[in-house]
Amino acid sequence: MTYQLPPVLSETRDDFLDLAESDRLLMLLEFSQDLPSLPEKYADHPELLERVEECQSPVYIFVEVSPESVVNVYATAPEQSPTTRGFASILVQGLSGLSVEEALGIPADFPDTLGLTKLISPLRVRGMTAMLWRIKRQIKEKSSTS
Amino acid sequence: MHLPIRNLGVMSVSPDHNPKFASYAHPEALVSTEWLSTRLNEDNIVIVESDEDVLLYEIGHIPGAVKIDWHTDLNDPIVRDYVHGERFAEILGSKGISRDTTVVIYGDKSNWWAAYALWVFKLFGHPDVRLLDGGRDKWIAEGRDITTAKVHRAATTYPIITRDDSVQRAFREDVLAHLGQPLIDVRSPQEYSGERTHMPDYPQESALRGGHVPGAASVPWSKAAAEDGTFRAREELDAVYLEGAGLKPGDDVITYCRIGERSSHTWFVLKYLMGFETVRNYDGSWVEWGSAVRVPIVVGTEPGKL
């Protein structure tokens, strides 16, 4: 059976690829504006958040795994870092609500499949790859202890 | 065609006579936010925003500023190199920049990418290009106007200039020939020493080996920037680069970082603020050197010998 990307992520990817290259940046900008804010319980506890060191901008992530093995992802990044916010927003929206198994199954190269590398440079896209990797690592840690 | 810096003396837009700049070797290479704020509508000045974050311009920019992206506009899409004269002329013309335009560049991250763009402008010998001291962050912190309004400048014809890589740019062979003379490594101390900082299964950033070019002094780029993103005062720069890194006036210096962007910032400091005449930026930088076969590398916190 061929691998199927979870629906929200595959829709995101198709939406990007359907657009002309110049419009893809605007869609990333829209994603950056739609990054959900942190729930208060995390906003007040910055020590719970993990910094994505590979990103030039300060972006922090936090993952929850429920007893039913459902994943929730939170992220925060400065308003003045729209590209990083956009990357975080794609992953937060695409991974939240997935099962642990579905989330861990997302290919590591998902960020490279959005048609952004030419527009944004591989170095910038690498930040998103690192974000996905750190999210998956947290999911693994949190699902093995729960 | 390379225009020597002394040609800046005949530029049409007068320099910013801000007292802070007076002690720099070439005060005309900088403008302050105050100076720029009263010149937003001058026809012979074009303001250029150049950022690390490719979307930052879109969320708000200085009124009238155009965007030049280091990756999509200044880099060749295929070869690891900068665009050629035809493409540079096309891009600048489309932004309404002429050869005699005064270009003021600003950007995020204390002007890293702005300095990088300025360096590329200088490879093409653009006569009058200046940096906005403090860049985007200072402009915004001071509560000055920003806008998301689309900027329409009438296109101009920019001449096709052959890029001159011989004066401001160093290639790997140049660095090999330069060994034993001053080099400044502007990366973080951990990158300089070759210590691995990444997570276990995260691939190290492109270079296969860690460390630095033998003899290079470690001076992270940020030592030249103050908290507000402006350049440090001349005496502070002297303390960092002369006393600290051991440079002597008149030295021939090569700067490098990972891909050449942070080292453009230091290149600008050494050349325009401190007056070193021969400073080259090695844009191949660690991504090239740390992956090249049989080039010498030193690991650890000492500059090391050949």
# chains A, B, ... in the order shown; residues from 1 in each chain; ligands from 1
call {"tool": "residues_around", "arguments": {"residues": "A:Leu104", "least_positions_apart": "6", "cutoff": "9 Å", "atoms": "only C-alpha atoms", "output": "mmCIF file with N, CA, C and O atoms, in the first residue's frame"}}
result
data_model
loop_
_atom_site.group_PDB
_atom_site.id
_atom_site.type_symbol
_atom_site.label_atom_id
_atom_site.label_comp_id
_atom_site.auth_asym_id
_atom_site.auth_seq_id
_atom_site.Cartn_x
_atom_site.Cartn_y
_atom_site.Cartn_z
ATOM 1 N N LYS A 136 8.497 15.478 16.072
ATOM 2 C CA LYS A 136 8.395 14.012 16.092
ATOM 3 C C LYS A 136 9.181 13.419 17.263
ATOM 4 O O LYS A 136 8.745 12.445 17.882
ATOM 5 N N ARG A 137 10.328 14.023 17.576
ATOM 6 C CA ARG A 137 11.098 13.524 18.715
ATOM 7 C C ARG A 137 10.305 13.689 20.015
ATOM 8 O O ARG A 137 10.248 12.796 20.850
ATOM 9 N N ILE A 139 7.062 13.804 20.251
ATOM 10 C CA ILE A 139 5.948 12.845 20.234
ATOM 11 C C ILE A 139 6.436 11.477 20.719
ATOM 12 O O ILE A 139 5.787 10.819 21.533
ATOM 13 N N LYS A 140 7.610 11.072 20.225
ATOM 14 C CA LYS A 140 8.163 9.769 20.635
ATOM 15 C C LYS A 140 8.388 9.731 22.138
ATOM 16 O O LYS A 140 7.985 8.794 22.821
#
call {"tool": "closest_atom_pairs", "arguments": {"of": "chain B", "to": "chain A", "cutoff": "8 Å", "atoms": "only C-alpha atoms", "output": "Markdown table"}}
result
| residue | atom | partner | partner_atom | distance |
| --- | --- | --- | --- | --- |
| B:Asp53 | CA | A:Thr83 | CA | 6.0 |
| B:Val54 | CA | A:Thr83 | CA | 6.6 |
| B:Leu55 | CA | A:Thr83 | CA | 5.8 |
| B:Leu56 | CA | A:Pro82 | CA | 6.1 |
| B:Ile59 | CA | A:Pro82 | CA | 7.8 |
| B:His71 | CA | A:Ser121 | CA | 6.3 |
| B:Thr72 | CA | A:Leu119 | CA | 6.3 |
| B:Pro77 | CA | A:Lys118 | CA | 7.9 |
| B:Tyr202 | CA | A:Ala130 | CA | 7.5 |
call {"tool": "write_last_selection", "arguments": {"atoms": "N, CA and C atoms", "output": "compact mmCIF listing (two decimals), in the first residue's frame"}}
result
# COMPACT_ATOMS: atom_id res chain seq x y z
N ASP B 53 14.53 36.96 6.46
CA ASP B 53 13.18 36.41 6.32
C ASP B 53 12.53 36.94 5.04
N VAL B 54 12.26 36.02 4.14
CA VAL B 54 11.80 36.40 2.80
C VAL B 54 10.42 37.07 2.79
N LEU B 55 9.65 36.94 3.89
CA LEU B 55 8.31 37.51 3.91
C LEU B 55 8.21 38.80 4.72
N LEU B 56 9.30 39.18 5.34
CA LEU B 56 9.24 40.30 6.28
C LEU B 56 8.81 41.60 5.60
N ILE B 59 5.06 42.15 5.42
CA ILE B 59 4.23 42.50 6.58
C ILE B 59 4.42 43.97 6.96
N HIS B 71 18.34 35.64 -2.02
CA HIS B 71 18.30 34.32 -2.64
C HIS B 71 17.74 34.39 -4.06
N THR B 72 16.55 34.96 -4.21
CA THR B 72 15.91 34.91 -5.52
C THR B 72 16.42 35.98 -6.48
N PRO B 77 20.33 31.05 -10.04
CA PRO B 77 19.47 29.92 -9.64
C PRO B 77 20.12 28.56 -9.82
N TYR B 202 20.35 15.01 13.57
CA TYR B 202 20.14 16.13 12.67
C TYR B 202 21.43 16.39 11.91
call {"tool": "atom_distance", "arguments": {"atom1": "atom CA of B:Val120", "atom2": "atom CA of B:Gly260"}}
result
11.0 Å
call {"tool": "residues_around", "arguments": {"residues": "B:Ile161", "least_positions_apart": "2", "cutoff": "10 Å", "atoms": "only C-alpha atoms", "output": "PyMOL selection string"}}
result
chain B and resi 1-2+84-89+99+123-126+158-159+163-164
call {"tool": "residues_around", "arguments": {"residues": "B:Ala177", "least_positions_apart": "5", "cutoff": "12 Å", "atoms": "only C-alpha atoms", "output": "PyMOL selection string"}}
result
chain B and resi 170-172+182-183+254+295+306
